>>> print(open('query-v6.cif').read())   # mmCIF, C-alpha atoms
data_my_file
loop_
_atom_site.label_atom_id
_atom_site.label_comp_id
_atom_site.auth_asym_id
_atom_site.auth_seq_id
_atom_site.Cartn_x
_atom_site.Cartn_y
_atom_site.Cartn_z
CA GLY A 1 95.06 108.56 113.16
CA ALA A 2 94.62 111.81 115.06
CA VAL A 3 91.97 111.69 117.79
CA ARG A 4 90.47 115.04 116.72
CA THR A 5 86.72 114.53 117.34
CA LEU A 6 86.66 110.83 118.27
CA HIS A 7 84.74 111.71 121.44
CA LYS A 8 81.92 112.79 119.07
CA THR A 9 82.21 109.96 116.54
CA GLU A 10 83.03 106.97 118.77
CA GLU A 11 79.45 105.77 119.28
CA SER A 12 78.59 106.01 115.58
CA ILE A 13 81.70 103.98 114.66
CA LEU A 14 80.65 101.24 117.06
CA GLU A 15 76.95 101.15 116.24
CA ASN A 16 76.88 102.09 112.54
CA MET A 17 80.17 100.80 111.17
CA ILE A 18 81.41 97.84 113.22
CA PHE A 19 78.17 96.26 114.45
CA PRO A 20 76.40 95.92 111.04
CA ILE A 21 79.45 94.21 109.52
CA CYS A 22 80.15 91.89 112.43
CA PRO A 23 77.10 91.43 114.70
CA PRO A 24 77.26 89.05 117.68
CA PRO A 25 76.84 86.25 118.52
CA ASP A 26 78.05 84.92 115.17
CA CYS A 27 80.96 87.31 114.76
CA VAL A 28 83.81 88.75 116.84
CA SER A 29 85.39 92.07 115.79
CA HIS A 30 89.03 93.01 116.30
CA LEU A 31 89.60 96.77 116.43
CA VAL A 32 93.19 97.95 115.97
CA LEU A 33 93.67 101.48 117.31
CA HIS A 34 96.65 103.66 116.50
CA LEU A 35 95.74 107.06 117.93
CA SER A 36 97.70 110.31 118.16
CA TYR A 37 96.73 113.25 120.32
CA ALA A 38 98.87 115.53 118.19
CA ASP A 39 97.83 116.35 114.63
CA ASN A 40 99.01 117.83 111.35
CA ARG A 41 96.44 119.52 109.12
CA PRO A 42 96.65 121.05 105.64
CA SER A 43 97.82 124.64 105.37
CA THR A 44 97.83 126.91 102.35
CA GLU A 45 100.77 128.78 103.87
CA ASN A 46 103.01 125.90 104.99
CA HIS A 47 104.34 123.04 102.87
CA ASP A 48 104.59 120.83 105.97
CA GLY A 49 101.04 121.58 107.18
CA GLU A 50 99.85 123.01 110.48
CA SER A 51 101.13 121.12 113.52
CA ILE A 52 98.86 120.82 116.54
CA SER A 53 100.42 119.65 119.81
CA ALA A 54 99.05 116.80 121.89
CA ASP A 55 96.06 117.70 124.06
CA GLY A 56 96.19 115.97 127.41
CA ASP A 57 92.52 116.77 128.11
CA LYS A 58 91.43 114.42 125.30
CA ARG A 59 93.24 111.37 126.63
CA ARG A 60 90.83 108.57 127.48
CA ASP A 61 90.18 104.92 126.72
CA PHE A 62 87.92 104.83 123.70
CA PHE A 63 85.60 102.01 122.66
CA GLU A 64 85.00 100.67 126.16
CA ASN A 65 81.25 101.14 126.58
CA ALA A 66 79.40 99.50 123.68
CA SER A 67 76.44 97.57 125.09
CA TRP A 68 76.98 94.66 122.69
CA ALA A 69 80.77 94.61 122.73
CA GLU A 70 81.60 92.44 125.75
CA GLY A 71 83.07 89.23 124.41
CA TYR A 72 82.49 90.29 120.79
CA LEU A 73 84.84 93.26 120.38
CA SER A 74 88.56 92.87 121.03
CA VAL A 75 90.34 96.25 121.13
CA HIS A 76 94.05 96.30 120.33
CA ARG A 77 95.69 99.56 121.40
CA LEU A 78 99.05 100.13 119.75
CA ASP A 79 101.92 101.66 121.67
CA GLY A 80 102.29 104.20 118.92
CA TYR A 81 103.67 107.71 118.66
CA GLU A 82 102.45 111.27 118.42
CA ILE A 83 102.23 112.72 114.91
CA GLY A 84 105.25 114.93 114.23
CA SER A 85 107.29 113.54 117.10
CA GLN A 86 110.72 111.95 117.23
CA GLY A 87 108.88 108.72 117.97
CA GLU A 88 107.23 108.93 114.56
CA GLN A 89 110.62 109.46 112.90
CA SER A 90 112.05 106.47 114.77
CA ALA A 91 109.15 104.30 113.61
CA MET A 92 109.80 105.37 110.02
CA ASP A 93 113.46 104.41 110.45
CA VAL A 94 112.40 100.97 111.67
CA MET A 95 110.17 100.31 108.66
CA GLU A 96 112.80 101.51 106.19
CA LYS A 97 115.39 99.14 107.69
CA GLU A 98 113.03 96.23 107.11
CA GLU A 99 112.80 96.89 103.37
CA PRO A 100 115.27 96.32 100.51
CA GLU A 101 117.58 99.26 99.81
CA GLU A 102 115.73 100.42 96.70
CA VAL A 103 112.35 100.36 98.46
CA ALA A 104 113.79 102.19 101.49
CA LYS A 105 115.11 104.88 99.14
CA ARG A 106 111.64 105.35 97.63
CA MET A 107 110.16 105.66 101.12
CA LYS A 108 112.80 108.24 102.06
CA ILE A 109 112.02 110.31 98.96
CA PHE A 110 108.40 110.85 99.99
CA ARG A 111 109.18 111.08 103.69
CA ILE A 112 111.38 114.10 102.92
CA SER A 113 109.46 115.67 100.05
CA ASP A 114 105.90 115.43 101.42
CA PRO A 115 106.07 114.88 105.19
CA ARG A 116 102.41 115.60 105.97
CA ARG A 117 100.87 113.20 103.47
CA TYR A 118 103.60 110.62 104.04
CA SER A 119 102.84 110.74 107.77
CA MET A 120 99.21 109.85 106.99
CA TRP A 121 100.11 106.91 104.75
CA PHE A 122 102.77 105.71 107.14
CA ALA A 123 100.39 105.67 110.15
CA ARG A 124 98.06 103.30 108.31
CA ALA A 125 100.92 101.01 107.30
CA TRP A 126 102.28 101.05 110.87
CA ALA A 127 98.91 99.96 112.26
CA TRP A 128 98.69 97.25 109.59
CA ARG A 129 101.92 95.74 110.96
CA HIS A 130 99.95 94.81 114.09
CA VAL A 131 97.19 93.27 111.98
CA LEU A 132 99.84 91.10 110.33
CA ASN A 133 100.75 89.75 113.77
CA LEU A 134 97.09 89.09 114.56
CA HIS A 135 96.67 87.33 111.23
CA ASP A 136 98.93 84.56 112.53
CA LEU A 137 96.49 84.00 115.41
CA PHE A 138 93.06 84.55 113.85
CA ASP A 139 91.36 83.64 110.60
CA PHE A 140 89.84 87.00 109.60
CA ASP A 141 86.99 87.05 107.08
CA PHE A 142 86.79 90.76 106.28
CA PHE A 143 88.72 94.00 106.80
CA THR A 144 87.61 97.60 107.23
CA PHE A 145 89.43 100.90 107.62
CA GLY A 146 88.01 104.16 108.94
CA ARG A 147 89.18 107.51 110.23
CA PRO A 148 88.61 108.44 113.90
CA ASP A 149 86.93 111.73 112.90
CA LEU A 150 84.34 110.10 110.61
CA LEU A 151 80.75 110.23 111.87
CA TRP A 152 78.55 107.39 110.58
CA LEU A 153 75.00 108.71 110.35
CA ILE A 154 73.27 105.44 109.41
CA PRO A 155 74.38 101.79 109.47
CA VAL A 156 76.63 100.55 106.69
CA PRO A 157 75.52 97.58 104.57
CA THR A 158 75.91 94.08 105.97
CA LEU A 159 78.77 91.73 105.23
CA GLU A 160 76.46 89.82 102.87
CA PHE A 161 76.04 92.95 100.73
CA PHE A 162 79.76 93.34 100.20
CA LYS A 163 80.22 89.64 99.49
CA ASP A 164 77.26 89.42 97.08
CA PHE A 165 77.96 92.56 95.05
CA SER A 166 81.73 92.49 94.84
CA GLU A 167 83.09 91.88 91.37
CA ASP A 168 85.87 89.64 92.69
CA GLU A 169 87.86 88.93 95.84
CA SER A 170 90.12 91.92 95.13
CA THR A 171 87.25 94.41 95.41
CA VAL A 172 87.74 97.40 97.73
CA TRP A 173 84.57 99.35 98.58
CA MET A 174 84.75 103.11 99.16
CA HIS A 175 82.24 105.95 99.31
CA ASP A 176 80.92 107.50 96.09
CA ALA A 177 81.49 111.15 97.03
CA TYR A 178 83.84 111.42 94.07
CA PHE A 179 84.25 108.20 92.18
CA SER A 180 86.67 109.37 89.49
CA PHE A 181 89.37 108.45 92.01
CA ALA A 182 89.67 106.65 95.35
CA PRO A 183 88.49 108.37 98.56
CA ASP A 184 90.85 107.50 101.39
CA THR A 185 88.54 108.12 104.35
CA PHE A 186 87.36 104.52 104.70
CA ALA A 187 87.48 101.16 102.94
CA PHE A 188 85.76 97.77 103.13
CA ILE A 189 88.02 94.97 101.89
CA GLN A 190 87.21 91.38 100.93
CA ASN A 191 90.17 89.40 102.23
CA PHE A 192 93.67 89.46 103.66
CA GLU A 193 95.49 89.47 100.31
CA ALA A 194 93.59 92.54 99.09
CA ALA A 195 93.98 94.33 102.44
CA ASN A 196 97.71 93.63 102.50
CA LYS A 197 98.05 95.38 99.13
CA TYR A 198 95.77 98.27 100.16
CA PHE A 199 97.79 99.15 103.27
CA SER A 200 101.25 98.45 101.84
CA LEU A 201 103.54 101.48 101.98
CA PRO A 202 106.22 99.94 99.71
CA LEU A 203 103.58 99.40 97.02
CA LEU A 204 102.37 102.98 97.43
CA VAL A 205 105.79 104.60 96.91
CA GLN A 206 106.77 102.51 93.90
CA LYS A 207 106.94 104.18 90.51
CA GLY A 208 103.46 104.56 89.10
CA GLY A 209 102.02 105.09 92.59
CA ALA A 210 102.99 108.17 94.59
CA CYS A 211 104.62 111.14 92.89
CA ILE A 212 106.36 114.22 94.31
CA GLY A 213 103.95 117.15 94.36
CA GLY A 214 100.37 117.94 95.26
CA PRO A 215 98.37 120.69 96.98
CA ASN A 216 100.20 123.30 99.12
CA PHE A 217 103.48 122.07 97.65
CA ASP A 218 106.72 124.07 97.78
CA ARG A 219 108.89 122.73 94.95
CA ASN A 220 111.99 124.77 95.76
CA LEU A 221 111.92 123.71 99.41
CA THR A 222 111.54 120.07 98.38
CA ILE A 223 114.46 120.24 95.94
CA SER A 224 116.62 121.76 98.67
CA ARG A 225 115.68 119.06 101.21
CA LEU A 226 116.35 116.23 98.77
CA LYS A 227 119.72 117.76 97.89
CA ILE A 228 120.70 118.03 101.56
CA ALA A 229 119.74 114.37 102.01
CA ASN A 230 121.83 113.48 98.95
CA ILE A 231 118.82 111.89 97.24
CA VAL A 232 118.63 111.93 93.45
CA THR A 233 115.21 111.65 91.78
CA ASP A 234 114.12 110.92 88.23
CA ASP A 235 111.87 113.15 86.15
CA ASP A 236 109.03 110.61 86.35
CA ASP A 237 109.15 110.74 90.17
CA TRP A 238 107.55 114.20 90.03
CA CYS A 239 103.84 114.88 89.52
CA SER A 240 102.99 116.48 86.18
CA ASN A 241 100.33 118.64 87.87
CA GLU A 242 98.98 119.40 91.34
CA SER A 243 96.03 117.00 91.23
CA GLU A 244 98.31 114.01 90.55
CA GLY A 245 99.68 114.49 94.06
CA TRP A 246 96.29 114.36 95.78
CA SER A 247 96.13 111.40 98.15
CA GLU A 248 92.96 110.13 96.45
CA HIS A 249 94.65 110.08 93.03
CA THR A 250 97.70 108.40 94.52
CA LEU A 251 95.60 105.70 96.15
CA LEU A 252 93.72 104.89 92.93
CA ARG A 253 96.93 104.64 90.91
CA LYS A 254 98.33 102.25 93.50
CA MET A 255 95.15 100.15 93.50
CA LYS A 256 95.15 99.87 89.72
CA LYS A 257 98.84 98.95 89.67
CA VAL A 258 98.38 96.08 92.13
CA SER A 259 95.11 94.87 90.54
CA LEU A 260 92.66 95.91 93.25
CA THR A 261 89.10 96.52 92.01
CA ASP A 262 87.50 99.79 93.13
CA ARG A 263 83.76 99.90 93.84
CA TYR A 264 81.64 102.57 95.49
CA PHE A 265 78.47 102.91 97.56
CA PRO A 266 76.60 105.93 99.00
CA ALA A 267 77.57 106.02 102.65
CA ALA A 268 75.98 108.64 104.89
CA ALA A 269 79.12 109.67 106.75
CA ALA A 270 80.69 113.03 107.51
CA LEU A 271 84.13 114.18 108.59
CA VAL A 272 83.70 116.09 111.83
CA ARG A 273 86.09 118.90 112.72
CA GLU A 274 86.10 121.32 115.61
CA PRO A 275 85.41 124.78 114.12
CA ALA A 276 88.34 127.11 113.69
CA ASN A 277 86.11 130.00 114.76
CA PRO A 278 84.29 130.26 118.11
CA LEU A 279 80.94 129.75 116.37
CA CYS A 280 80.18 126.81 114.11
CA GLU A 281 78.97 128.21 110.79
CA PRO A 282 78.83 125.20 108.47
CA LEU A 283 76.97 127.04 105.70
CA ARG A 284 79.74 129.56 105.18
CA PRO A 285 81.82 128.72 102.08
CA TYR A 286 85.13 128.98 103.92
CA TYR A 287 84.02 126.37 106.45
CA THR A 288 81.99 123.91 104.40
CA VAL A 289 84.82 122.76 102.19
CA ASP A 290 82.97 120.15 100.18
CA TRP A 291 79.63 118.38 99.82
CA ILE A 292 78.71 114.76 99.35
CA LYS A 293 75.87 114.62 96.85
CA HIS A 294 73.75 111.51 96.42
CA ASN A 295 70.41 110.92 94.76
CA ARG A 296 68.82 110.26 98.13
CA ASN A 297 70.71 112.51 100.51
CA ASN A 298 72.80 115.66 100.72
CA ILE A 299 75.06 115.84 103.74
CA ALA A 300 77.92 118.12 104.59
CA HIS A 301 81.28 116.45 104.08
CA PHE A 302 82.74 118.67 106.76
CA ALA A 303 80.48 119.44 109.70
CA CYS A 304 80.95 120.69 113.24
CA LEU A 305 79.33 119.68 116.51
#
>>> encode(input="query-v6.cif", output="structure tokens")
Amino acid sequence: GAVRTLHKTEESILENMIFPICPPPDCVSHLVLHLSYADNRPSTENHDGESISADGDKRRDFFENASWAEGYLSVHRLDGYEIGSQGEQSAMDVMEKEEPEEVAKRMKIFRISDPRRYSMWFARAWAWRHVLNLHDLFDFDFFTFGRPDLLWLIPVPTLEFFKDFSEDESTVWMHDAYFSFAPDTFAFIQNFEAANKYFSLPLLVQKGGACIGGPNFDRNLTISRLKIANIVTDDDDWCSNESEGWSEHTLLRKMKKVSLTDRYFPAAAALVREPANPLCEPLRPYYTVDWIKHNRNNIAHFACL
């Protein structure tokens, strides 16, 4: 994903997310990194979001300095693309050519109609392609997914917790900030089969998964773009209301359709963003977008450092 505030969150990802799940000397972690120095963020005024160009000052090799990592953390850096670039479009072309015609058409529908959210889903599927290659070389026991801008305030539960309390081998663990649908900020996944379904883009865009619509959505612009691309949609391809197009709702529908079990736990983690204003004012309503509320802790979902 976008680097954003990884220079602030890197240490917490190493110490509070990776290490508790896979501590040495009994475990070796493989970290697959697909990072972009450009970004695309939601905008109430622009259907395609707000594009942010690549920042050369932020370029650095992340995850190189963990005290415990030598010999126990293998970092795989993908030769990826910048979000919003021609390289991203070329990568999307590659994946579409690998799929059957009907699946490729479904991918094209959402690539054209909802480019910002599709870009997010595609980046995760693109990184998973590399994991598929690694799967031929290593026998992985467990899979995790996390955003680069997620700050882990305390250690996550151990691998034994997830194994002992999972309902079945198809269980995907997510945070309980809003458990009426599936948060897409991180996931802890039992095995390869479940992870392969979770990250699959073809399964996401199938009917009953993604729908055309969502927040900050310009219907007329989308209809025009689909017409120019000579793509015909069905009535049931469109969301019946705005919330159906939220990425969290989309993810839960996909999980249910492919028989993944959703479970939740109270993780003390916060999305960290650089403030839009010169001063960080996290208590102002326009800046603190949401709150995670637990019985034992209240932490800002969006915070600034």
>>> residues_around(input="query-v6.cif", residues="A:Gly245", least_positions_apart="5", cutoff="12 Å", atoms="only C-alpha atoms", output="compact mmCIF listing (two decimals) with C-alpha atoms, in the coordinates of the input")
# COMPACT_ATOMS: atom_id res chain seq x y z
CA PHE A 110 108.40 110.85 99.99
CA SER A 113 109.46 115.67 100.05
CA ASP A 114 105.90 115.43 101.42
CA ARG A 117 100.87 113.20 103.47
CA TYR A 118 103.60 110.62 104.04
CA VAL A 205 105.79 104.60 96.91
CA GLY A 208 103.46 104.56 89.10
CA GLY A 209 102.02 105.09 92.59
CA ALA A 210 102.99 108.17 94.59
CA CYS A 211 104.62 111.14 92.89
CA ILE A 212 106.36 114.22 94.31
CA GLY A 213 103.95 117.15 94.36
CA GLY A 214 100.37 117.94 95.26
CA PRO A 215 98.37 120.69 96.98
CA ASN A 216 100.20 123.30 99.12
CA PHE A 217 103.48 122.07 97.65
CA ASP A 237 109.15 110.74 90.17
CA TRP A 238 107.55 114.20 90.03
CA CYS A 239 103.84 114.88 89.52
CA SER A 240 102.99 116.48 86.18
CA THR A 250 97.70 108.40 94.52
CA LEU A 251 95.60 105.70 96.15
CA LEU A 252 93.72 104.89 92.93
CA ARG A 253 96.93 104.64 90.91
>>> residues_around(input="query-v6.cif", residues="A:Lys207", least_positions_apart="6", cutoff="10 Å", atoms="only C-alpha atoms", output="list in words")
Arg106, Asp236, Asp237, Lys254 and Lys257 of chain A
>>> closest_residue(input="query-v6.cif", among="A:Thr144, A:Ser259, A:Ser243, A:Asn65", to="A:Ile18", atoms="all atoms listed in the file")
A:Thr144
>>> resolve_selection(input="query-v6.cif", expression="the PyMOL selection byres ((chain A and resi 174) around 7)", output="list of chain:residue names")
A:Val172, A:Trp173, A:His175, A:Asp176, A:Pro183, A:Phe186, A:Ala187, A:Phe188, A:Arg263, A:Tyr264, A:Phe265
>>> write_last_selection(input="query-v6.cif", atoms="C-alpha atoms", output="short mmCIF file (atom, residue, chain, number, x, y, z; two decimals), in the coordinates of the input")
data_model
loop_
_atom_site.label_atom_id
_atom_site.label_comp_id
_atom_site.auth_asym_id
_atom_site.auth_seq_id
_atom_site.Cartn_x
_atom_site.Cartn_y
_atom_site.Cartn_z
CA VAL A 172 87.74 97.40 97.73
CA TRP A 173 84.57 99.35 98.58
CA HIS A 175 82.24 105.95 99.31
CA ASP A 176 80.92 107.50 96.09
CA PRO A 183 88.49 108.37 98.56
CA PHE A 186 87.36 104.52 104.70
CA ALA A 187 87.48 101.16 102.94
CA PHE A 188 85.76 97.77 103.13
CA ARG A 263 83.76 99.90 93.84
CA TYR A 264 81.64 102.57 95.49
CA PHE A 265 78.47 102.91 97.56
#
>>> resolve_selection(input="query-v6.cif", expression="the PyMOL selection byres ((chain A and resi 141) around 9)", output="list in words")
Asp139, Phe140, Phe142, Phe143, Gln190, Asn191 and Phe192 of chain A
>>> atom_distance(input="query-v6.cif", atom1="atom CA of A:Ala127", atom2="atom CA of A:Val32")
7.1 Å
>>> resolve_selection(input="query-v6.cif", expression="the PyMOL selection byres ((chain A and resi 202) around 8)", output="list in words")
Val103, Arg106, Met107, Ser200, Leu201, Leu203, Leu204, Val205 and Gln206 of chain A
>>> atom_distance(input="query-v6.cif", atom1="atom CA of A:Pro157", atom2="atom CA of A:Tyr72")
19.1 Å
>>> residues_around(input="query-v6.cif", residues="stretch 130-132 of chain A", least_positions_apart="2", cutoff="12 Å", atoms="only C-alpha atoms", output="ChimeraX atom specification")
/A:30-34,75-80,123-128,134-140,143-145,192-193,195-196,199-200
>>> closest_residue(input="query-v6.cif", among="A:Gly87, A:Ile231, A:Met255, A:Pro23", to="A:Glu70", atoms="only C-alpha atoms")
A:Pro23
>>> closest_residue(input="query-v6.cif", among="A:Ser119, A:Asn16, A:Asn241, A:Thr185", to="A:Asn40", atoms="only C-alpha atoms")
A:Ser119
>>> decode(input="query-v6.cif", residues="stretch 88-165 of chain A", atoms="C-alpha atoms", output="PDB file, in the first residue's frame")
ATOM      1  CA  GLU A  88      -0.410   0.313 -12.248  1.00  0.00           C
ATOM      2  CA  GLN A  89      -2.599   0.219 -15.365  1.00  0.00           C
ATOM      3  CA  SER A  90      -0.143  -2.148 -17.054  1.00  0.00           C
ATOM      4  CA  ALA A  91      -0.212  -4.459 -14.033  1.00  0.00           C
ATOM      5  CA  MET A  92      -4.015  -4.505 -14.172  1.00  0.00           C
ATOM      6  CA  ASP A  93      -3.814  -5.425 -17.862  1.00  0.00           C
ATOM      7  CA  VAL A  94      -1.511  -8.327 -16.993  1.00  0.00           C
ATOM      8  CA  MET A  95      -3.865  -9.747 -14.377  1.00  0.00           C
ATOM      9  CA  GLU A  96      -6.909  -9.411 -16.631  1.00  0.00           C
ATOM     10  CA  LYS A  97      -5.146 -11.338 -19.415  1.00  0.00           C
ATOM     11  CA  GLU A  98      -4.524 -14.206 -17.009  1.00  0.00           C
ATOM     12  CA  GLU A  99      -8.230 -14.655 -16.256  1.00  0.00           C
ATOM     13  CA  PRO A 100     -11.100 -16.124 -18.304  1.00  0.00           C
ATOM     14  CA  GLU A 101     -12.928 -13.600 -20.479  1.00  0.00           C
ATOM     15  CA  GLU A 102     -15.971 -13.327 -18.212  1.00  0.00           C
ATOM     16  CA  VAL A 103     -13.827 -12.744 -15.108  1.00  0.00           C
ATOM     17  CA  ALA A 104     -11.694 -10.172 -16.946  1.00  0.00           C
ATOM     18  CA  LYS A 105     -14.881  -8.329 -17.920  1.00  0.00           C
ATOM     19  CA  ARG A 106     -15.983  -8.196 -14.270  1.00  0.00           C
ATOM     20  CA  MET A 107     -12.569  -6.826 -13.289  1.00  0.00           C
ATOM     21  CA  LYS A 108     -12.795  -4.188 -16.022  1.00  0.00           C
ATOM     22  CA  ILE A 109     -16.234  -3.075 -14.806  1.00  0.00           C
ATOM     23  CA  PHE A 110     -14.924  -2.129 -11.367  1.00  0.00           C
ATOM     24  CA  ARG A 111     -11.592  -0.861 -12.649  1.00  0.00           C
ATOM     25  CA  ILE A 112     -13.503   1.717 -14.711  1.00  0.00           C
ATOM     26  CA  SER A 113     -16.430   2.456 -12.400  1.00  0.00           C
ATOM     27  CA  ASP A 114     -14.584   2.759  -9.064  1.00  0.00           C
ATOM     28  CA  PRO A 115     -10.870   3.326  -9.766  1.00  0.00           C
ATOM     29  CA  ARG A 116      -9.851   4.370  -6.240  1.00  0.00           C
ATOM     30  CA  ARG A 117     -11.311   1.408  -4.387  1.00  0.00           C
ATOM     31  CA  TYR A 118     -10.378  -0.991  -7.179  1.00  0.00           C
ATOM     32  CA  SER A 119      -6.788   0.235  -6.938  1.00  0.00           C
ATOM     33  CA  MET A 120      -6.774  -0.711  -3.244  1.00  0.00           C
ATOM     34  CA  TRP A 121      -8.154  -4.210  -3.835  1.00  0.00           C
ATOM     35  CA  PHE A 122      -5.892  -4.760  -6.813  1.00  0.00           C
ATOM     36  CA  ALA A 123      -2.721  -3.831  -4.871  1.00  0.00           C
ATOM     37  CA  ARG A 124      -3.451  -6.550  -2.320  1.00  0.00           C
ATOM     38  CA  ALA A 125      -4.122  -9.141  -5.023  1.00  0.00           C
ATOM     39  CA  TRP A 126      -0.935  -8.106  -6.863  1.00  0.00           C
ATOM     40  CA  ALA A 127       1.153  -8.628  -3.725  1.00  0.00           C
ATOM     41  CA  TRP A 128      -0.545 -11.987  -3.148  1.00  0.00           C
ATOM     42  CA  ARG A 129       0.763 -13.147  -6.546  1.00  0.00           C
ATOM     43  CA  HIS A 130       4.252 -13.052  -5.032  1.00  0.00           C
ATOM     44  CA  VAL A 131       3.087 -15.041  -2.009  1.00  0.00           C
ATOM     45  CA  LEU A 132       1.798 -17.686  -4.420  1.00  0.00           C
ATOM     46  CA  ASN A 133       5.332 -18.013  -5.806  1.00  0.00           C
ATOM     47  CA  LEU A 134       6.763 -18.280  -2.292  1.00  0.00           C
ATOM     48  CA  HIS A 135       4.183 -20.919  -1.420  1.00  0.00           C
ATOM     49  CA  ASP A 136       5.919 -23.268  -3.852  1.00  0.00           C
ATOM     50  CA  LEU A 137       9.146 -22.881  -1.837  1.00  0.00           C
ATOM     51  CA  PHE A 138       7.969 -22.681   1.777  1.00  0.00           C
ATOM     52  CA  ASP A 139       5.382 -24.433   3.915  1.00  0.00           C
ATOM     53  CA  PHE A 140       3.656 -21.458   5.572  1.00  0.00           C
ATOM     54  CA  ASP A 141       1.635 -22.040   8.745  1.00  0.00           C
ATOM     55  CA  PHE A 142      -0.183 -18.715   9.067  1.00  0.00           C
ATOM     56  CA  PHE A 143      -0.896 -15.538   7.101  1.00  0.00           C
ATOM     57  CA  THR A 144      -1.394 -11.931   8.155  1.00  0.00           C
ATOM     58  CA  PHE A 145      -2.241  -8.734   6.314  1.00  0.00           C
ATOM     59  CA  GLY A 146      -1.754  -5.173   7.546  1.00  0.00           C
ATOM     60  CA  ARG A 147      -1.669  -1.640   6.226  1.00  0.00           C
ATOM     61  CA  PRO A 148       1.606   0.335   6.290  1.00  0.00           C
ATOM     62  CA  ASP A 149      -0.080   3.254   8.104  1.00  0.00           C
ATOM     63  CA  LEU A 150      -1.423   1.119  10.979  1.00  0.00           C
ATOM     64  CA  LEU A 151       0.220   1.747  14.362  1.00  0.00           C
ATOM     65  CA  TRP A 152       0.122  -1.269  16.700  1.00  0.00           C
ATOM     66  CA  LEU A 153      -0.002   0.063  20.260  1.00  0.00           C
ATOM     67  CA  ILE A 154       0.292  -3.275  22.090  1.00  0.00           C
ATOM     68  CA  PRO A 155       1.277  -6.791  20.964  1.00  0.00           C
ATOM     69  CA  VAL A 156      -1.301  -8.868  19.116  1.00  0.00           C
ATOM     70  CA  PRO A 157      -2.288 -12.287  20.494  1.00  0.00           C
ATOM     71  CA  THR A 158       0.013 -15.230  19.905  1.00  0.00           C
ATOM     72  CA  LEU A 159      -0.381 -17.800  17.166  1.00  0.00           C
ATOM     73  CA  GLU A 160      -1.743 -20.229  19.765  1.00  0.00           C
ATOM     74  CA  PHE A 161      -4.635 -17.843  20.497  1.00  0.00           C
ATOM     75  CA  PHE A 162      -5.748 -17.764  16.885  1.00  0.00           C
ATOM     76  CA  LYS A 163      -5.397 -21.525  16.513  1.00  0.00           C
ATOM     77  CA  ASP A 164      -7.213 -22.328  19.779  1.00  0.00           C
ATOM     78  CA  PHE A 165     -10.147 -19.940  19.387  1.00  0.00           C
TER      79      PHE A 165
END
